[in-house]
>>> print(open('model33.tsv').read())   # TSV, C-alpha atoms
chain	number	residue	atom	x	y	z
S	1	MET	CA	75.04	262.24	88.91
S	2	THR	CA	77.50	262.46	91.77
S	3	PHE	CA	79.05	259.46	93.44
S	4	GLU	CA	77.10	260.14	96.64
S	5	GLN	CA	73.76	260.16	94.77
S	6	GLU	CA	74.59	257.00	92.85
S	7	TRP	CA	75.78	255.29	96.05
S	8	ALA	CA	72.57	256.25	97.88
S	9	GLU	CA	70.45	254.85	95.05
S	10	LEU	CA	72.40	251.60	95.01
S	11	ARG	CA	72.07	251.24	98.79
S	12	ALA	CA	68.33	251.88	98.61
S	13	ALA	CA	67.91	249.33	95.80
S	14	ALA	CA	69.93	246.75	97.75
S	15	ALA	CA	67.84	247.38	100.87
S	16	GLU	CA	64.65	246.77	98.89
S	17	ARG	CA	66.02	243.53	97.39
S	18	THR	CA	67.23	242.12	100.70
S	19	ALA	CA	64.50	243.28	103.08
S	20	LEU	CA	63.43	240.52	105.45
S	21	ARG	CA	59.68	240.20	105.90
S	22	ILE	CA	58.57	238.17	108.90
S	23	ASP	CA	54.92	239.23	108.93
S	24	SER	CA	53.81	237.19	105.92
S	25	VAL	CA	54.36	233.96	104.03
S	26	PRO	CA	55.01	233.84	100.29
S	27	ALA	CA	52.09	232.73	98.11
S	28	ASP	CA	53.78	229.40	97.35
S	29	GLY	CA	53.64	228.42	101.03
S	30	GLY	CA	57.28	229.29	101.77
S	31	GLY	CA	59.49	227.60	104.35
S	32	GLY	CA	60.90	224.46	102.84
S	33	GLY	CA	61.61	223.96	99.21
S	34	GLY	CA	59.94	227.18	98.17
S	35	VAL	CA	61.41	230.60	97.67
S	36	GLY	CA	62.64	231.83	101.05
S	37	GLU	CA	62.65	235.36	102.31
S	38	LEU	CA	66.30	235.50	103.35
S	39	VAL	CA	68.01	235.92	99.99
S	40	VAL	CA	71.61	236.56	99.11
S	41	ASN	CA	72.52	236.15	95.49
S	42	ARG	CA	75.59	233.95	95.64
S	43	ASP	CA	76.38	234.74	92.01
S	44	ASP	CA	76.76	238.43	92.84
S	45	LEU	CA	78.96	237.71	95.84
S	46	GLY	CA	80.98	235.25	93.82
S	47	ALA	CA	81.50	237.72	90.98
S	48	ILE	CA	82.67	240.47	93.32
S	49	GLY	CA	84.94	238.07	95.19
S	50	ASN	CA	86.33	236.79	91.89
S	51	ASP	CA	86.99	240.35	90.69
S	52	ALA	CA	88.79	241.15	93.95
S	53	TYR	CA	90.87	237.97	93.61
S	54	ASP	CA	91.73	238.80	89.98
S	55	LEU	CA	92.67	242.36	90.96
S	56	LEU	CA	94.84	240.96	93.74
S	57	GLY	CA	96.72	238.75	91.27
S	58	ARG	CA	97.19	241.46	88.65
S	59	LEU	CA	98.13	244.10	91.19
S	60	GLY	CA	100.64	241.77	92.82
S	61	LYS	CA	102.44	241.33	89.49
S	62	GLU	CA	101.95	244.67	87.77
S	63	GLY	CA	102.28	246.82	90.89
S	64	ASP	CA	105.73	245.41	91.57
S	65	ILE	CA	107.25	245.83	88.09
S	66	ALA	CA	109.21	249.00	88.83
S	67	ARG	CA	110.25	248.16	92.40
S	68	SER	CA	113.76	246.87	91.73
S	69	SER	CA	114.64	249.47	89.09
S	70	THR	CA	113.34	252.30	91.30
S	71	PHE	CA	115.40	251.01	94.22
S	72	ASP	CA	118.48	250.64	92.00
S	73	ALA	CA	118.02	254.18	90.68
S	74	ALA	CA	117.67	255.54	94.21
S	75	THR	CA	120.83	253.71	95.27
S	76	ALA	CA	122.77	254.91	92.22
S	77	LEU	CA	121.64	258.51	92.71
S	78	THR	CA	122.52	258.42	96.41
S	79	ASN	CA	125.93	256.86	95.69
S	80	GLY	CA	126.53	259.58	93.09
S	81	ASN	CA	125.88	262.24	95.74
S	82	PHE	CA	122.63	263.39	94.13
S	83	VAL	CA	120.08	264.81	96.55
S	84	SER	CA	117.26	263.32	94.49
S	85	GLY	CA	118.40	259.80	95.50
S	86	SER	CA	116.72	260.07	98.90
S	87	ALA	CA	113.56	261.45	97.27
S	88	VAL	CA	113.38	258.53	94.82
S	89	LEU	CA	113.86	256.14	97.75
S	90	LYS	CA	110.98	257.83	99.58
S	91	VAL	CA	108.77	257.38	96.50
S	92	HIS	CA	109.82	253.71	96.37
S	93	ASP	CA	109.00	253.15	100.04
S	94	PHE	CA	105.72	255.09	99.81
S	95	TRP	CA	104.60	253.04	96.80
S	96	GLN	CA	105.55	249.75	98.47
S	97	THR	CA	103.62	250.66	101.63
S	98	HIS	CA	100.48	251.60	99.73
S	99	LEU	CA	100.75	248.65	97.36
S	100	LYS	CA	100.89	246.28	100.34
S	101	THR	CA	97.86	248.01	101.90
S	102	LEU	CA	95.89	247.69	98.66
S	103	LEU	CA	96.89	244.04	98.24
S	104	ASP	CA	95.80	243.30	101.81
S	105	SER	CA	92.47	245.06	101.20
S	106	CYS	CA	91.77	243.08	98.03
S	107	ALA	CA	92.60	239.84	99.83
S	108	GLN	CA	90.30	240.76	102.73
S	109	ILE	CA	87.43	241.56	100.34
S	110	SER	CA	87.86	238.29	98.50
S	111	ASN	CA	88.16	236.24	101.70
S	112	HIS	CA	85.23	237.99	103.37
S	113	LEU	CA	82.92	237.35	100.42
S	114	ASP	CA	83.95	233.69	100.30
S	115	TYR	CA	83.25	233.47	104.05
S	116	SER	CA	79.92	235.29	103.64
S	117	LYS	CA	78.77	232.87	100.94
S	118	ALA	CA	79.66	229.85	103.07
S	119	ARG	CA	78.15	231.33	106.23
S	120	HIS	CA	74.92	232.24	104.43
S	121	ALA	CA	74.58	228.68	103.16
S	122	GLU	CA	75.04	227.36	106.73
S	123	ASP	CA	72.51	229.87	108.11
S	124	GLU	CA	70.02	229.00	105.37
S	125	ALA	CA	70.29	225.27	106.17
S	126	LYS	CA	69.85	225.92	109.90
S	127	ILE	CA	66.83	228.17	109.39
S	128	GLU	CA	65.20	225.67	107.04
S	129	GLY	CA	65.84	222.87	109.56
S	130	ASP	CA	64.35	224.90	112.40
S	131	LEU	CA	61.30	225.80	110.32
S	132	MET	CA	60.76	222.17	109.34
S	133	ARG	CA	60.61	221.16	113.02
S	134	ILE	CA	58.07	223.90	113.68
S	135	SER	CA	55.96	222.86	110.70
S	136	VAL	CA	55.95	219.24	111.95
S	137	LEU	CA	54.76	220.44	115.38
S	138	THR	CA	52.05	222.54	113.72
S	139	GLU	CA	50.75	219.42	111.94
S	140	TYR	CA	50.51	217.56	115.26
S	141	LEU	CA	48.56	220.41	116.85
S	142	LYS	CA	45.84	220.37	114.17
>>> encode(input="model33.tsv", output="structure tokens")
Amino acid sequence: MTFEQEWAELRAAAAERTALRIDSVPADGGGGGGVGELVVNRDDLGAIGNDAYDLLGRLGKEGDIARSSTFDAATALTNGNFVSGSAVLKVHDFWQTHLKTLLDSCAQISNHLDYSKARHAEDEAKIEGDLMRISVLTEYLK
């Protein structure tokens, strides 16, 4: 199975799990204490965010191990009039640039998932509060 096929299947499965239905009410009565329709599994978001945070920590340490020795080698080669000194320095700079980009990306993923979890909880509380007011009005209209 190719990556594109697997990705398409995962997207379709996620769409089925998170589809919002507004034309029906769950059998348990829904809206307040029951199982709601707007569902985000916080455990999944938390696990992905935790993995991104762990990767960020490991990458920050392990991705920087060879930085100083590579720079020292580039300096020594350049000072010894070796042409390869500038090439080693380019490799050093290229690696540092891409390492920083990857570290920033991991941090953004982790932060975004933390924000998404918190925002979803706020939205859930607001929606439940709004629905409770509507259900109280419905009782008065009977």
>>> closest_residue(input="model33.tsv", among="S:Gln5, S:Gly49, S:Glu62, S:Ala13", to="S:Lys117", atoms="all atoms listed in the file")
S:Gly49
>>> atom_distance(input="model33.tsv", atom1="atom CA of S:Ser105", atom2="atom CA of S:Leu56")
8.8 Å
>>> atom_distance(input="model33.tsv", atom1="atom CA of S:Ser69", atom2="atom CA of S:Trp95")
13.2 Å
>>> atom_distance(input="model33.tsv", atom1="atom CA of S:Ala47", atom2="atom CA of S:Leu113")
9.6 Å
>>> residues_around(input="model33.tsv", residues="S:Thr70", least_positions_apart="2", cutoff="10 Å", atoms="only C-alpha atoms", output="PyMOL selection string")
chain S and resi 65-68+72-76+85+88-89+91-93
>>> write_last_selection(input="model33.tsv", atoms="C-alpha atoms", output="tab-separated table (two decimals), in the coordinates of the input")
chain	number	residue	atom	x	y	z
S	65	ILE	CA	107.25	245.83	88.09
S	66	ALA	CA	109.21	249.00	88.83
S	67	ARG	CA	110.25	248.16	92.40
S	68	SER	CA	113.76	246.87	91.73
S	72	ASP	CA	118.48	250.64	92.00
S	73	ALA	CA	118.02	254.18	90.68
S	74	ALA	CA	117.67	255.54	94.21
S	75	THR	CA	120.83	253.71	95.27
S	76	ALA	CA	122.77	254.91	92.22
S	85	GLY	CA	118.40	259.80	95.50
S	88	VAL	CA	113.38	258.53	94.82
S	89	LEU	CA	113.86	256.14	97.75
S	91	VAL	CA	108.77	257.38	96.50
S	92	HIS	CA	109.82	253.71	96.37
S	93	ASP	CA	109.00	253.15	100.04
>>> residues_near_point(input="model33.tsv", point="(95.2, 239.9, 100.5)", cutoff="12 Å", atoms="all atoms listed in the file", output="list of chain:residue names")
S:Gly49, S:Ala52, S:Tyr53, S:Asp54, S:Leu55, S:Leu56, S:Gly57, S:Leu59, S:Gly60, S:Leu99, S:Lys100, S:Thr101, S:Leu102, S:Leu103, S:Asp104, S:Ser105, S:Cys106, S:Ala107, S:Gln108, S:Ile109, S:Ser110, S:Asn111, S:His112
>>> decode(input="model33.tsv", residues="stretch 60-77 of chain S", atoms="N, CA, C and O atoms", output="mmCIF file, in the first residue's frame")
data_model
loop_
_atom_site.group_PDB
_atom_site.id
_atom_site.type_symbol
_atom_site.label_atom_id
_atom_site.label_comp_id
_atom_site.auth_asym_id
_atom_site.auth_seq_id
_atom_site.Cartn_x
_atom_site.Cartn_y
_atom_site.Cartn_z
ATOM 1 N N GLY S 60 16.544 18.022 20.076
ATOM 2 C CA GLY S 60 17.332 19.150 20.556
ATOM 3 C C GLY S 60 18.679 18.709 21.101
ATOM 4 O O GLY S 60 19.696 19.376 20.910
ATOM 5 N N LYS S 61 18.705 17.551 21.797
ATOM 6 C CA LYS S 61 19.959 17.042 22.350
ATOM 7 C C LYS S 61 20.767 16.283 21.299
ATOM 8 O O LYS S 61 21.931 16.586 21.065
ATOM 9 N N GLU S 62 20.135 15.293 20.692
ATOM 10 C CA GLU S 62 20.863 14.397 19.802
ATOM 11 C C GLU S 62 21.188 15.031 18.449
ATOM 12 O O GLU S 62 22.160 14.637 17.806
ATOM 13 N N GLY S 63 20.392 15.982 18.015
ATOM 14 C CA GLY S 63 20.656 16.636 16.742
ATOM 15 C C GLY S 63 21.792 17.634 16.806
ATOM 16 O O GLY S 63 22.274 18.099 15.781
ATOM 17 N N ASP S 64 22.227 17.954 18.022
ATOM 18 C CA ASP S 64 23.263 18.971 18.207
ATOM 19 C C ASP S 64 24.602 18.372 18.637
ATOM 20 O O ASP S 64 25.555 19.091 18.889
ATOM 21 N N ILE S 65 24.676 17.037 18.699
ATOM 22 C CA ILE S 65 25.883 16.380 19.219
ATOM 23 C C ILE S 65 27.129 16.736 18.407
ATOM 24 O O ILE S 65 28.180 17.043 18.958
ATOM 25 N N ALA S 66 27.012 16.700 17.090
ATOM 26 C CA ALA S 66 28.190 16.879 16.239
ATOM 27 C C ALA S 66 28.452 18.327 15.834
ATOM 28 O O ALA S 66 29.404 18.598 15.098
ATOM 29 N N ARG S 67 27.638 19.256 16.319
ATOM 30 C CA ARG S 67 27.782 20.645 15.876
ATOM 31 C C ARG S 67 29.174 21.206 16.141
ATOM 32 O O ARG S 67 29.838 21.707 15.234
ATOM 33 N N SER S 68 29.621 21.136 17.377
ATOM 34 C CA SER S 68 30.909 21.777 17.718
ATOM 35 C C SER S 68 32.082 21.072 17.036
ATOM 36 O O SER S 68 32.995 21.740 16.539
ATOM 37 N N SER S 69 32.060 19.741 16.977
ATOM 38 C CA SER S 69 33.188 19.053 16.335
ATOM 39 C C SER S 69 33.195 19.288 14.828
ATOM 40 O O SER S 69 34.269 19.401 14.221
ATOM 41 N N THR S 70 32.011 19.387 14.215
ATOM 42 C CA THR S 70 31.950 19.681 12.780
ATOM 43 C C THR S 70 32.484 21.083 12.507
ATOM 44 O O THR S 70 33.248 21.302 11.561
ATOM 45 N N PHE S 71 32.095 22.041 13.350
ATOM 46 C CA PHE S 71 32.584 23.407 13.174
ATOM 47 C C PHE S 71 34.096 23.471 13.386
ATOM 48 O O PHE S 71 34.816 24.127 12.621
ATOM 49 N N ASP S 72 34.591 22.775 14.407
ATOM 50 C CA ASP S 72 36.039 22.755 14.663
ATOM 51 C C ASP S 72 36.795 22.124 13.500
ATOM 52 O O ASP S 72 37.870 22.607 13.103
ATOM 53 N N ALA S 73 36.242 21.056 12.938
ATOM 54 C CA ALA S 73 36.882 20.405 11.790
ATOM 55 C C ALA S 73 36.912 21.344 10.590
ATOM 56 O O ALA S 73 37.928 21.434 9.883
ATOM 57 N N ALA S 74 35.788 22.032 10.358
ATOM 58 C CA ALA S 74 35.737 22.979 9.232
ATOM 59 C C ALA S 74 36.766 24.089 9.417
ATOM 60 O O ALA S 74 37.472 24.477 8.465
ATOM 61 N N THR S 75 36.888 24.588 10.630
ATOM 62 C CA THR S 75 37.859 25.644 10.919
ATOM 63 C C THR S 75 39.286 25.131 10.725
ATOM 64 O O THR S 75 40.120 25.812 10.103
ATOM 65 N N ALA S 76 39.566 23.935 11.238
ATOM 66 C CA ALA S 76 40.913 23.370 11.108
ATOM 67 C C ALA S 76 41.267 23.118 9.644
ATOM 68 O O ALA S 76 42.395 23.411 9.213
ATOM 69 N N LEU S 77 40.315 22.588 8.885
ATOM 70 C CA LEU S 77 40.567 22.337 7.463
ATOM 71 C C LEU S 77 40.800 23.644 6.706
ATOM 72 O O LEU S 77 41.694 23.735 5.860
#
